[in-house]
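data.tsv follows (TSV, C-alpha atoms):
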chain	number	residue	atom	x	y	z
K	38	MET	CA	205.70	203.52	116.72
K	39	LYS	CA	207.20	203.81	120.19
K	40	TYR	CA	210.79	202.62	120.58
K	41	GLY	CA	212.94	202.25	123.70
K	42	ILE	CA	216.42	200.95	124.53
K	43	VAL	CA	217.13	198.62	127.45
K	44	VAL	CA	219.63	196.23	128.98
K	45	PHE	CA	218.27	192.91	130.24
K	46	PRO	CA	220.44	191.70	133.14
K	47	GLY	CA	221.40	188.02	133.34
K	48	LYS	CA	218.73	185.38	134.01
K	49	GLU	CA	219.67	185.11	137.70
K	50	VAL	CA	218.95	188.81	138.24
K	51	GLN	CA	215.75	188.60	136.16
K	52	ASP	CA	214.48	185.67	138.23
K	53	PHE	CA	215.30	187.49	141.46
K	54	ALA	CA	213.63	190.68	140.24
K	55	ASN	CA	210.54	188.83	138.96
K	56	SER	CA	209.96	187.29	142.37
K	57	TYR	CA	209.24	190.85	143.57
K	58	ARG	CA	207.84	192.34	140.37
K	59	LYS	CA	205.03	189.78	140.15
K	60	ARG	CA	203.66	191.21	143.40
K	61	TYR	CA	204.62	194.88	143.23
K	62	ASP	CA	204.98	195.96	139.60
K	63	PRO	CA	201.94	196.22	137.31
K	64	HIS	CA	204.37	196.20	134.35
K	65	TYR	CA	205.47	192.66	135.28
K	66	ARG	CA	203.59	191.14	132.34
K	67	LEU	CA	204.59	193.75	129.76
K	68	ILE	CA	208.36	193.35	129.68
K	69	GLN	CA	211.06	191.31	131.37
K	70	PRO	CA	213.19	192.95	134.12
K	71	HIS	CA	215.39	195.61	132.55
K	72	PHE	CA	217.50	198.72	132.95
K	73	THR	CA	216.19	201.48	130.70
K	74	ILE	CA	218.96	203.12	128.69
K	75	ARG	CA	216.73	205.42	126.67
K	76	GLU	CA	213.11	206.24	127.43
K	77	ALA	CA	210.39	205.32	124.96
K	78	GLU	CA	209.80	207.77	122.13
K	79	ASP	CA	207.72	207.80	118.96
K	80	TRP	CA	209.87	207.32	115.85
K	81	ASP	CA	208.95	207.13	112.20
K	82	ASP	CA	210.73	204.75	109.79
K	83	ARG	CA	213.39	207.34	108.95
K	84	GLN	CA	214.22	207.91	112.62
K	85	LEU	CA	214.35	204.16	113.20
K	86	GLU	CA	216.81	203.71	110.36
K	87	GLU	CA	218.99	206.56	111.63
K	88	ALA	CA	218.85	205.17	115.17
K	89	ILE	CA	219.98	201.71	114.04
K	90	THR	CA	222.99	203.22	112.27
K	91	LEU	CA	223.91	205.18	115.40
K	92	LEU	CA	223.36	202.20	117.70
K	93	ASN	CA	225.55	199.99	115.52
K	94	GLU	CA	228.29	202.63	115.69
K	95	ALA	CA	227.91	203.05	119.45
K	96	SER	CA	228.02	199.28	120.05
K	97	GLN	CA	231.28	199.08	118.10
K	98	ARG	CA	233.09	201.53	120.35
K	99	LEU	CA	231.58	200.46	123.70
K	100	PRO	CA	233.16	197.70	125.82
K	101	ALA	CA	231.19	195.01	127.62
K	102	PHE	CA	231.39	195.27	131.41
K	103	THR	CA	230.34	193.47	134.57
K	104	ALA	CA	227.74	195.08	136.82
K	105	LYS	CA	226.37	194.22	140.24
K	106	VAL	CA	223.06	194.94	141.92
K	107	ASN	CA	223.75	195.27	145.63
K	108	ARG	CA	220.62	196.76	147.27
K	109	PHE	CA	217.03	197.86	146.99
K	110	SER	CA	216.43	201.58	146.83
K	111	SER	CA	213.66	204.04	145.96
K	112	PHE	CA	213.07	207.35	144.21
K	113	LEU	CA	211.55	208.77	147.37
K	114	PRO	CA	210.36	211.57	147.66
K	115	VAL	CA	210.03	212.02	143.87
K	116	SER	CA	208.05	208.85	143.25
K	117	ASN	CA	206.93	205.59	144.87
K	118	VAL	CA	209.21	203.49	142.69
K	119	ILE	CA	211.25	200.72	144.34
K	120	TYR	CA	214.21	199.40	142.40
K	121	LEU	CA	217.34	197.28	142.46
K	122	ALA	CA	220.34	199.59	142.50
K	123	LEU	CA	223.83	199.13	141.13
K	124	GLU	CA	226.97	198.96	143.24
K	125	ASP	CA	228.64	201.11	140.59
K	126	ALA	CA	226.34	203.06	138.27
K	127	ASP	CA	229.16	204.68	136.26
K	128	PRO	CA	229.48	202.14	133.39
K	129	PHE	CA	225.71	202.32	132.87
K	130	ILE	CA	225.80	206.11	132.88
K	131	ARG	CA	228.57	206.01	130.27
K	132	LEU	CA	226.51	203.58	128.18
K	133	HIS	CA	223.52	205.92	128.44
K	134	GLU	CA	225.62	208.96	127.51
K	135	GLU	CA	227.29	207.24	124.56
K	136	ILE	CA	223.96	206.06	123.20
K	137	CYS	CA	221.81	209.11	123.94
K	138	GLN	CA	223.73	211.71	121.97
K	139	GLY	CA	223.32	213.52	118.66
K	140	PRO	CA	219.99	212.59	117.10
K	141	LEU	CA	219.43	210.16	119.99
K	142	GLU	CA	219.85	212.83	122.68
K	143	GLU	CA	216.88	212.66	125.02
K	144	PRO	CA	214.55	215.65	125.38
K	145	GLN	CA	215.51	217.83	128.35
K	146	LYS	CA	214.51	216.09	131.57
K	147	ALA	CA	213.95	217.41	135.07
K	148	TYR	CA	215.99	214.60	136.61
K	149	ARG	CA	219.41	213.04	136.22
K	150	TYR	CA	219.73	209.59	134.57
K	151	THR	CA	219.84	206.96	137.33
K	152	PRO	CA	220.16	203.39	136.08
K	153	HIS	CA	217.73	201.18	137.99
K	154	LEU	CA	215.77	197.95	137.70
K	155	THR	CA	212.20	198.68	138.80
K	156	ILE	CA	210.67	196.00	141.01
K	157	GLY	CA	207.73	198.01	142.40
K	158	GLN	CA	205.66	200.95	141.17
K	159	LYS	CA	202.20	202.50	141.41
K	160	LEU	CA	201.94	201.21	144.98
K	161	GLY	CA	199.75	202.95	147.53
K	162	ASN	CA	201.66	204.97	150.14
K	163	GLU	CA	201.21	202.48	152.92
K	164	GLU	CA	202.12	199.41	150.86
K	165	PHE	CA	205.07	201.29	149.36
K	166	HIS	CA	206.56	202.02	152.78
K	167	ASP	CA	205.86	198.50	154.04
K	168	VAL	CA	207.54	196.90	151.01
K	169	LEU	CA	210.46	199.32	151.02
K	170	SER	CA	211.27	198.81	154.69
K	171	SER	CA	211.07	195.05	154.17
K	172	VAL	CA	213.21	194.79	151.01
K	173	ARG	CA	215.84	197.14	152.45
K	174	LEU	CA	216.74	194.31	154.85
K	175	VAL	CA	217.32	191.83	152.00
K	176	ASP	CA	220.93	190.93	151.34
K	177	VAL	CA	221.51	191.53	147.61
K	178	GLY	CA	224.67	190.76	145.68
K	179	LEU	CA	224.18	189.58	142.09
K	180	GLU	CA	226.68	190.16	139.32
K	181	PHE	CA	225.85	190.10	135.63
K	182	LEU	CA	227.57	190.70	132.33
K	183	VAL	CA	226.44	193.65	130.21
K	184	ASP	CA	227.56	192.64	126.73
K	185	ARG	CA	224.51	193.74	124.70
K	186	PHE	CA	221.60	196.13	124.64
K	187	HIS	CA	218.24	195.87	122.92
K	188	LEU	CA	216.06	198.16	120.84
K	189	LEU	CA	212.38	197.45	121.49
K	190	TYR	CA	209.02	198.66	120.25
K	191	GLN	CA	205.68	198.74	121.98
K	192	THR	CA	202.56	196.95	120.76
K	193	ASP	CA	199.02	198.26	121.33
K	194	ASN	CA	198.60	196.20	124.51
K	195	GLN	CA	201.53	198.14	126.06
K	196	ALA	CA	203.83	195.10	125.93
K	197	TRP	CA	207.27	195.28	124.29
K	198	THR	CA	208.83	193.29	121.45
K	199	VAL	CA	212.57	193.23	120.85
K	200	TYR	CA	213.44	194.63	117.44
K	201	GLN	CA	217.21	194.28	117.47
K	202	THR	CA	220.18	193.37	119.65
K	203	PHE	CA	223.44	195.33	119.65
K	204	LEU	CA	226.55	193.58	120.95
K	205	LEU	CA	229.16	195.46	122.97
K	206	GLN	CA	232.83	194.76	122.38
K	207	LYS	CA	234.47	191.88	124.28
G	128	MET	CA	218.91	177.19	130.37
G	129	LYS	CA	216.09	176.74	127.88
G	130	TYR	CA	216.55	178.43	124.50
G	131	GLY	CA	214.18	178.79	121.56
G	132	ILE	CA	214.18	180.49	118.16
G	133	VAL	CA	211.27	182.57	116.86
G	134	VAL	CA	210.17	185.13	114.31
G	135	PHE	CA	208.07	188.02	115.58
G	136	PRO	CA	205.77	189.21	112.78
G	137	GLY	CA	205.30	192.96	112.26
G	138	LYS	CA	203.50	195.07	114.84
G	139	GLU	CA	200.24	195.06	112.87
G	140	VAL	CA	200.08	191.25	112.96
G	141	GLN	CA	201.09	191.20	116.64
G	142	ASP	CA	198.33	193.65	117.53
G	143	PHE	CA	195.78	191.63	115.57
G	144	ALA	CA	196.95	188.37	117.16
G	145	ASN	CA	197.00	189.85	120.68
G	146	SER	CA	193.36	190.90	120.37
G	147	TYR	CA	192.57	187.15	120.27
G	148	ARG	CA	195.41	185.83	122.39
G	149	LYS	CA	194.44	187.94	125.40
G	150	ARG	CA	191.19	185.95	125.55
G	151	TYR	CA	192.18	182.52	124.29
G	152	ASP	CA	195.88	181.91	124.94
G	153	PRO	CA	197.23	181.46	128.49
G	154	HIS	CA	200.72	182.19	127.10
G	155	TYR	CA	199.60	185.71	126.17
G	156	ARG	CA	201.61	187.26	129.02
G	157	LEU	CA	204.74	185.15	128.58
G	158	ILE	CA	205.83	186.13	125.07
G	159	GLN	CA	204.69	188.35	122.24
G	160	PRO	CA	202.97	186.77	119.20
G	161	HIS	CA	205.48	184.67	117.28
G	162	PHE	CA	206.19	181.89	114.82
G	163	THR	CA	208.36	179.25	116.44
G	164	ILE	CA	211.31	178.29	114.24
G	165	ARG	CA	212.93	175.91	116.70
G	166	GLU	CA	211.29	174.46	119.80
G	167	ALA	CA	212.70	175.23	123.24
G	168	GLU	CA	215.61	173.06	124.38
G	169	ASP	CA	218.02	173.06	127.30
G	170	TRP	CA	221.49	174.21	126.28
G	171	ASP	CA	224.65	174.68	128.29
G	172	ASP	CA	227.08	177.54	127.61
G	173	ARG	CA	229.03	175.53	125.06
G	174	GLN	CA	225.89	174.66	123.09
G	175	LEU	CA	224.79	178.30	123.22
G	176	GLU	CA	228.13	179.45	121.80
G	177	GLU	CA	228.00	176.85	119.03
G	178	ALA	CA	224.38	177.78	118.24
G	179	ILE	CA	225.24	181.48	117.91
G	180	THR	CA	228.01	180.67	115.43
G	181	LEU	CA	225.61	178.52	113.39
G	182	LEU	CA	222.81	181.11	113.54
G	183	ASN	CA	225.16	183.85	112.39
G	184	GLU	CA	226.20	181.68	109.45
G	185	ALA	CA	222.60	180.80	108.61
G	186	SER	CA	221.49	184.44	108.75
G	187	GLN	CA	224.24	185.35	106.29
G	188	ARG	CA	222.99	182.97	103.62
G	189	LEU	CA	219.25	183.42	104.14
G	190	PRO	CA	217.26	186.12	102.32
G	191	ALA	CA	214.58	188.26	103.93
G	192	PHE	CA	211.09	187.62	102.57
G	193	THR	CA	207.52	188.85	102.78
G	194	ALA	CA	204.90	186.64	104.38
G	195	LYS	CA	201.15	186.89	104.72
G	196	VAL	CA	198.72	185.47	107.25
G	197	ASN	CA	195.45	184.84	105.43
G	198	ARG	CA	193.22	182.72	107.72
G	199	PHE	CA	192.64	181.10	111.07
G	200	SER	CA	193.19	177.37	111.26
G	201	SER	CA	193.58	174.63	113.87
G	202	PHE	CA	195.58	171.49	114.59
G	203	LEU	CA	192.38	169.49	114.89
G	204	PRO	CA	192.21	166.55	115.61
G	205	VAL	CA	195.76	166.46	117.02
G	206	SER	CA	195.30	169.34	119.45
G	207	ASN	CA	192.95	172.17	120.38
G	208	VAL	CA	195.33	174.86	119.14
G	209	ILE	CA	193.93	177.71	117.03
G	210	TYR	CA	196.42	179.67	114.98
G	211	LEU	CA	196.93	182.23	112.24
G	212	ALA	CA	198.09	180.41	109.11
G	213	LEU	CA	200.33	181.57	106.27
G	214	GLU	CA	199.21	181.98	102.69
G	215	ASP	CA	202.54	180.42	101.67
G	216	ALA	CA	204.35	178.41	104.34
G	217	ASP	CA	207.32	177.47	102.12
G	218	PRO	CA	209.73	180.34	102.97
G	219	PHE	CA	209.16	179.67	106.68
G	220	ILE	CA	209.75	175.95	106.15
G	221	ARG	CA	213.02	176.76	104.35
G	222	LEU	CA	214.03	179.07	107.23
G	223	HIS	CA	213.28	176.28	109.69
G	224	GLU	CA	215.23	173.72	107.64
G	225	GLU	CA	218.25	175.99	107.15
G	226	ILE	CA	218.39	176.80	110.86
G	227	CYS	CA	217.54	173.38	112.31
G	228	GLN	CA	220.35	171.34	110.82
G	229	GLY	CA	223.65	169.88	111.98
G	230	PRO	CA	224.02	170.44	115.74
G	231	LEU	CA	220.75	172.43	115.65
G	232	GLU	CA	218.74	169.59	114.14
G	233	GLU	CA	215.64	169.00	116.24
G	234	PRO	CA	215.08	165.68	118.01
G	235	GLN	CA	212.89	163.36	115.94
G	236	LYS	CA	209.30	164.56	116.11
G	237	ALA	CA	206.02	162.76	115.40
G	238	TYR	CA	204.73	165.66	113.32
G	239	ARG	CA	205.83	167.79	110.39
G	240	TYR	CA	206.96	171.40	110.98
G	241	THR	CA	203.98	173.67	110.32
G	242	PRO	CA	204.70	177.37	110.82
G	243	HIS	CA	201.86	178.96	112.78
G	244	LEU	CA	201.08	181.85	115.09
G	245	THR	CA	199.13	180.46	118.05
G	246	ILE	CA	196.19	182.62	119.14
G	247	GLY	CA	194.33	180.04	121.25
G	248	GLN	CA	195.35	176.96	123.23
G	249	LYS	CA	194.36	174.88	126.26
G	250	LEU	CA	190.72	175.70	125.57
G	251	GLY	CA	187.95	173.37	126.65
G	252	ASN	CA	186.34	171.39	123.83
G	253	GLU	CA	183.19	173.46	123.68
G	254	GLU	CA	184.94	176.83	123.81
G	255	PHE	CA	187.47	175.62	121.26
G	256	HIS	CA	184.78	174.74	118.72
G	257	ASP	CA	182.86	177.96	119.41
G	258	VAL	CA	185.96	180.12	118.93
G	259	LEU	CA	187.15	178.20	115.90
G	260	SER	CA	183.85	178.42	114.06
G	261	SER	CA	183.69	182.14	114.83
G	262	VAL	CA	187.26	183.07	113.79
G	263	ARG	CA	187.01	181.01	110.62
G	264	LEU	CA	184.59	183.68	109.36
G	265	VAL	CA	187.06	186.51	109.96
G	266	ASP	CA	188.58	188.02	106.85
G	267	VAL	CA	192.36	187.93	107.37
G	268	GLY	CA	194.99	189.42	105.06
G	269	LEU	CA	198.05	190.88	106.75
G	270	GLU	CA	201.48	191.02	105.18
G	271	PHE	CA	204.72	191.37	107.10
G	272	LEU	CA	208.42	191.41	106.39
G	273	VAL	CA	210.56	188.58	107.79
G	274	ASP	CA	214.02	190.12	107.91
G	275	ARG	CA	215.23	188.79	111.27
G	276	PHE	CA	214.82	186.01	113.78
G	277	HIS	CA	215.46	185.93	117.51
G	278	LEU	CA	217.15	183.59	119.94
G	279	LEU	CA	215.36	183.66	123.31
G	280	TYR	CA	215.75	182.09	126.72
G	281	GLN	CA	213.18	181.31	129.34
G	282	THR	CA	213.17	182.70	132.87
G	283	ASP	CA	211.83	180.82	135.90
G	284	ASN	CA	208.37	182.41	135.56
G	285	GLN	CA	208.06	180.78	132.09
G	286	ALA	CA	208.36	184.14	130.30
G	287	TRP	CA	210.91	184.66	127.52
G	288	THR	CA	213.74	187.18	127.15
G	289	VAL	CA	215.37	187.88	123.79
G	290	TYR	CA	219.06	187.03	123.86
G	291	GLN	CA	220.05	187.95	120.33
G	292	THR	CA	218.71	189.06	116.96
G	293	PHE	CA	219.95	187.64	113.64
G	294	LEU	CA	219.34	189.69	110.51
G	295	LEU	CA	218.47	188.04	107.22
G	296	GLN	CA	219.97	189.36	104.00
G	297	LYS	CA	218.22	192.22	102.20
Could I get this structure in the form of structure tokens?
Amino acid sequence: MKYGIVVFPGKEVQDFANSYRKRYDPHYRLIQPHFTIREAEDWDDRQLEEAITLLNEASQRLPAFTAKVNRFSSFLPVSNVIYLALEDADPFIRLHEEICQGPLEEPQKAYRYTPHLTIGQKLGNEEFHDVLSSVRLVDVGLEFLVDRFHLLYQTDNQAWTVYQTFLLQK
Amino acid sequence: MKYGIVVFPGKEVQDFANSYRKRYDPHYRLIQPHFTIREAEDWDDRQLEEAITLLNEASQRLPAFTAKVNRFSSFLPVSNVIYLALEDADPFIRLHEEICQGPLEEPQKAYRYTPHLTIGQKLGNEEFHDVLSSVRLVDVGLEFLVDRFHLLYQTDNQAWTVYQTFLLQK
């Protein structure tokens, strides 16, 4: 089964993101707006059990924090993804590093972890540039509390179900 | 904000249910297949906090159990809903009763709590009867473990985000 780890931002950010995702992101119907902490990977039952132990431990040493999305950005020229970016990515990068270590270390990747909330993907070149130049003018400033992360699994229709929540320390 | 409480059955049941839901349930894209434990209700922050305390307490005294969906059924003549029914509804009814008490008691309802996994709703009369007579012939026998329930909230697009998981006792 395929498992992934995400943070759902507060409802205000989700509603804002969905107003764009419904038009520009074909994954809109598969999962609510999220920041991926660990990419999806196939795990068997033993790996799942080990992961839950590690995630419980990680959640007990990690503090909750406040984050803020403050602009739209893109992964240009690497990909045509448009996303909401964080004013300060560091706490998310720490969360990613604390979670993705030991048995949960991610396979070697060609790119650096960049926390982002995707609002557009798989767009044609022309639409991508039109949307990007338009959203770059939008004034964004939404704070949210990151006090939990979620372990999810994927069903056959590509949608995601939450398996378990892990609470960060207050 | 609107909060609800559900149980997601195992992936096998979700995949089976989705193969029908994608055709017959307009809520297919808003939430994964689920058994509602407590209907959606508007809560403020204080009510949310109180609910989480009560749900933590309930989860600590409630045992996990195995359930089995064994047939399709409907709420005829009350409504045109088609659902997957449980071989033994009692453990779900106990879960519902243990959770929906005190401040979490549900407003008086005109019907008795009947745990069900909706796979079709808002169908026209003719389609409803066609689908129902066809699915009633399907041989159903899928077991799943109920070892957790989820508190969710609704975003403006009517979709649901999981807020927190509560683990039942092993």
Report as a short mmCIF file (atom, residue, chain, number, x, y, z; two decimals) with C-alpha atoms, keeping the file's coordinate frame the set of chain G residues whose atoms approach chain K to within 7 Å, with distances computed over all atoms listed in the file.
data_model
loop_
_atom_site.label_atom_id
_atom_site.label_comp_id
_atom_site.auth_asym_id
_atom_site.auth_seq_id
_atom_site.Cartn_x
_atom_site.Cartn_y
_atom_site.Cartn_z
CA LYS G 138 203.50 195.07 114.84
CA ASP G 142 198.33 193.65 117.53
CA ARG G 156 201.61 187.26 129.02
CA GLN G 159 204.69 188.35 122.24
CA THR G 282 213.17 182.70 132.87
CA ASP G 283 211.83 180.82 135.90
CA THR G 288 213.74 187.18 127.15
CA VAL G 289 215.37 187.88 123.79
CA GLN G 291 220.05 187.95 120.33
CA THR G 292 218.71 189.06 116.96
#
Review point. With all atoms listed in the file as the basis for distance, which of G:Glu225, G:Glu168, G:Glu270, G:Glu177 is at the shortest distance from G:Ala212?
Key: G:Glu270
Check your understanding: Which residues, protein or nucleic acid, reach to within 12 Å of (223.0, 178.5, 104.8) in the file's coordinates when using only C-alpha atoms, and can you give that as a PyMOL selection string?
Key -> chain G and resi 180-190+221-229+295-296
Check your understanding: Which residues come within 8 Å of G:Phe271, counting all atoms listed in the file, excluding same-chain residues fewer than 2 positions away, as number ranges by chain?
Key -> G: 136-137, 140, 193-195, 269, 273
Excluding G:Tyr210 and its own-chain neighbours fewer than 6 positions away, which residues fall within 7 Å of it when counting only C-alpha atoms? Please give them as a short mmCIF file (atom, residue, chain, number, x, y, z; two decimals) with C-alpha atoms, keeping the file's coordinate frame.
data_model
loop_
_atom_site.label_atom_id
_atom_site.label_comp_id
_atom_site.auth_asym_id
_atom_site.auth_seq_id
_atom_site.Cartn_x
_atom_site.Cartn_y
_atom_site.Cartn_z
CA PHE G 199 192.64 181.10 111.07
CA SER G 200 193.19 177.37 111.26
CA SER G 201 193.58 174.63 113.87
CA HIS G 243 201.86 178.96 112.78
CA LEU G 244 201.08 181.85 115.09
CA THR G 245 199.13 180.46 118.05
CA ILE G 246 196.19 182.62 119.14
CA GLY G 247 194.33 180.04 121.25
#
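Of note, atom CA of G:Leu279 and atom CA of G:Ile132 are spaced 6.2 Å apart.
Atom CA of K:Asp125 sits 24.4 Å away from atom CA of K:Ala77.
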**Study point:** Spatial neighbours of G:Tyr240, max dist 12 Å, all atoms listed in the file, sep filter under 5 positions, as a PyMOL selection string
**Key:** chain G and resi 162-166+202+216-217+219-224+227+233+235
Study note, to complete from the structure: Separating atom CA of G:Lys249 from atom CA of G:Val208, to the nearest tenth of an Å, is a gap of 7.2 Å
For stretch 103-128 of chain K, which lacks atoms in the input, supply N, CA and C atoms and format the output as a PDB file, in the frame of the given file.
ATOM      1  N   THR K 103     231.081 194.212 133.549  1.00  0.00           N
ATOM      2  CA  THR K 103     230.340 193.470 134.570  1.00  0.00           C
ATOM      3  C   THR K 103     229.689 194.469 135.522  1.00  0.00           C
ATOM      4  N   ALA K 104     228.456 194.212 135.885  1.00  0.00           N
ATOM      5  CA  ALA K 104     227.740 195.080 136.820  1.00  0.00           C
ATOM      6  C   ALA K 104     227.246 194.247 137.988  1.00  0.00           C
ATOM      7  N   LYS K 105     226.840 194.927 139.057  1.00  0.00           N
ATOM      8  CA  LYS K 105     226.370 194.220 140.240  1.00  0.00           C
ATOM      9  C   LYS K 105     225.229 194.992 140.884  1.00  0.00           C
ATOM     10  N   VAL K 106     224.104 194.326 141.094  1.00  0.00           N
ATOM     11  CA  VAL K 106     223.060 194.940 141.920  1.00  0.00           C
ATOM     12  C   VAL K 106     223.350 194.556 143.359  1.00  0.00           C
ATOM     13  N   ASN K 107     223.332 195.556 144.243  1.00  0.00           N
ATOM     14  CA  ASN K 107     223.750 195.270 145.630  1.00  0.00           C
ATOM     15  C   ASN K 107     222.768 195.738 146.695  1.00  0.00           C
ATOM     16  N   ARG K 108     221.597 196.311 146.264  1.00  0.00           N
ATOM     17  CA  ARG K 108     220.620 196.760 147.270  1.00  0.00           C
ATOM     18  C   ARG K 108     219.311 197.165 146.610  1.00  0.00           C
ATOM     19  N   PHE K 109     218.277 197.241 147.425  1.00  0.00           N
ATOM     20  CA  PHE K 109     217.030 197.860 146.990  1.00  0.00           C
ATOM     21  C   PHE K 109     217.081 199.338 147.363  1.00  0.00           C
ATOM     22  N   SER K 110     216.483 200.157 146.539  1.00  0.00           N
ATOM     23  CA  SER K 110     216.430 201.580 146.830  1.00  0.00           C
ATOM     24  C   SER K 110     215.104 202.137 146.309  1.00  0.00           C
ATOM     25  N   SER K 111     214.902 203.439 146.468  1.00  0.00           N
ATOM     26  CA  SER K 111     213.660 204.040 145.960  1.00  0.00           C
ATOM     27  C   SER K 111     213.914 205.463 145.486  1.00  0.00           C
ATOM     28  N   PHE K 112     212.963 205.968 144.694  1.00  0.00           N
ATOM     29  CA  PHE K 112     213.070 207.350 144.210  1.00  0.00           C
ATOM     30  C   PHE K 112     212.348 208.324 145.140  1.00  0.00           C
ATOM     31  N   LEU K 113     212.117 207.906 146.356  1.00  0.00           N
ATOM     32  CA  LEU K 113     211.550 208.770 147.370  1.00  0.00           C
ATOM     33  C   LEU K 113     212.350 210.075 147.467  1.00  0.00           C
ATOM     34  N   PRO K 114     211.793 211.254 147.600  1.00  0.00           N
ATOM     35  CA  PRO K 114     210.360 211.570 147.660  1.00  0.00           C
ATOM     36  C   PRO K 114     209.752 211.864 146.273  1.00  0.00           C
ATOM     37  N   VAL K 115     210.537 211.666 145.203  1.00  0.00           N
ATOM     38  CA  VAL K 115     210.030 212.020 143.870  1.00  0.00           C
ATOM     39  C   VAL K 115     208.910 211.096 143.426  1.00  0.00           C
ATOM     40  N   SER K 116     209.091 209.793 143.656  1.00  0.00           N
ATOM     41  CA  SER K 116     208.050 208.850 143.250  1.00  0.00           C
ATOM     42  C   SER K 116     208.116 207.586 144.095  1.00  0.00           C
ATOM     43  N   ASN K 117     207.037 206.823 144.082  1.00  0.00           N
ATOM     44  CA  ASN K 117     206.930 205.590 144.870  1.00  0.00           C
ATOM     45  C   ASN K 117     207.494 204.380 144.126  1.00  0.00           C
ATOM     46  N   VAL K 118     208.582 204.596 143.412  1.00  0.00           N
ATOM     47  CA  VAL K 118     209.210 203.490 142.690  1.00  0.00           C
ATOM     48  C   VAL K 118     210.259 202.816 143.582  1.00  0.00           C
ATOM     49  N   ILE K 119     210.216 201.489 143.637  1.00  0.00           N
ATOM     50  CA  ILE K 119     211.250 200.720 144.340  1.00  0.00           C
ATOM     51  C   ILE K 119     212.071 199.991 143.279  1.00  0.00           C
ATOM     52  N   TYR K 120     213.387 200.007 143.435  1.00  0.00           N
ATOM     53  CA  TYR K 120     214.210 199.400 142.400  1.00  0.00           C
ATOM     54  C   TYR K 120     215.441 198.716 142.960  1.00  0.00           C
ATOM     55  N   LEU K 121     216.032 197.862 142.145  1.00  0.00           N
ATOM     56  CA  LEU K 121     217.340 197.280 142.460  1.00  0.00           C
ATOM     57  C   LEU K 121     218.395 198.260 141.961  1.00  0.00           C
ATOM     58  N   ALA K 122     219.322 198.593 142.837  1.00  0.00           N
ATOM     59  CA  ALA K 122     220.340 199.590 142.500  1.00  0.00           C
ATOM     60  C   ALA K 122     221.681 198.930 142.244  1.00  0.00           C
ATOM     61  N   LEU K 123     222.522 199.637 141.510  1.00  0.00           N
ATOM     62  CA  LEU K 123     223.830 199.130 141.130  1.00  0.00           C
ATOM     63  C   LEU K 123     224.902 199.544 142.136  1.00  0.00           C
ATOM     64  N   GLU K 124     225.835 198.637 142.387  1.00  0.00           N
ATOM     65  CA  GLU K 124     226.970 198.960 143.240  1.00  0.00           C
ATOM     66  C   GLU K 124     227.742 200.130 142.618  1.00  0.00           C
ATOM     67  N   ASP K 125     227.938 200.058 141.308  1.00  0.00           N
ATOM     68  CA  ASP K 125     228.640 201.110 140.590  1.00  0.00           C
ATOM     69  C   ASP K 125     227.825 201.479 139.345  1.00  0.00           C
ATOM     70  N   ALA K 126     227.222 202.660 139.376  1.00  0.00           N
ATOM     71  CA  ALA K 126     226.340 203.060 138.270  1.00  0.00           C
ATOM     72  C   ALA K 126     227.121 203.634 137.081  1.00  0.00           C
ATOM     73  N   ASP K 127     228.405 203.948 137.280  1.00  0.00           N
ATOM     74  CA  ASP K 127     229.160 204.680 136.260  1.00  0.00           C
ATOM     75  C   ASP K 127     229.185 204.036 134.871  1.00  0.00           C
ATOM     76  N   PRO K 128     229.455 202.722 134.748  1.00  0.00           N
ATOM     77  CA  PRO K 128     229.480 202.140 133.390  1.00  0.00           C
ATOM     78  C   PRO K 128     228.119 202.252 132.697  1.00  0.00           C
TER      79      PRO K 128
END
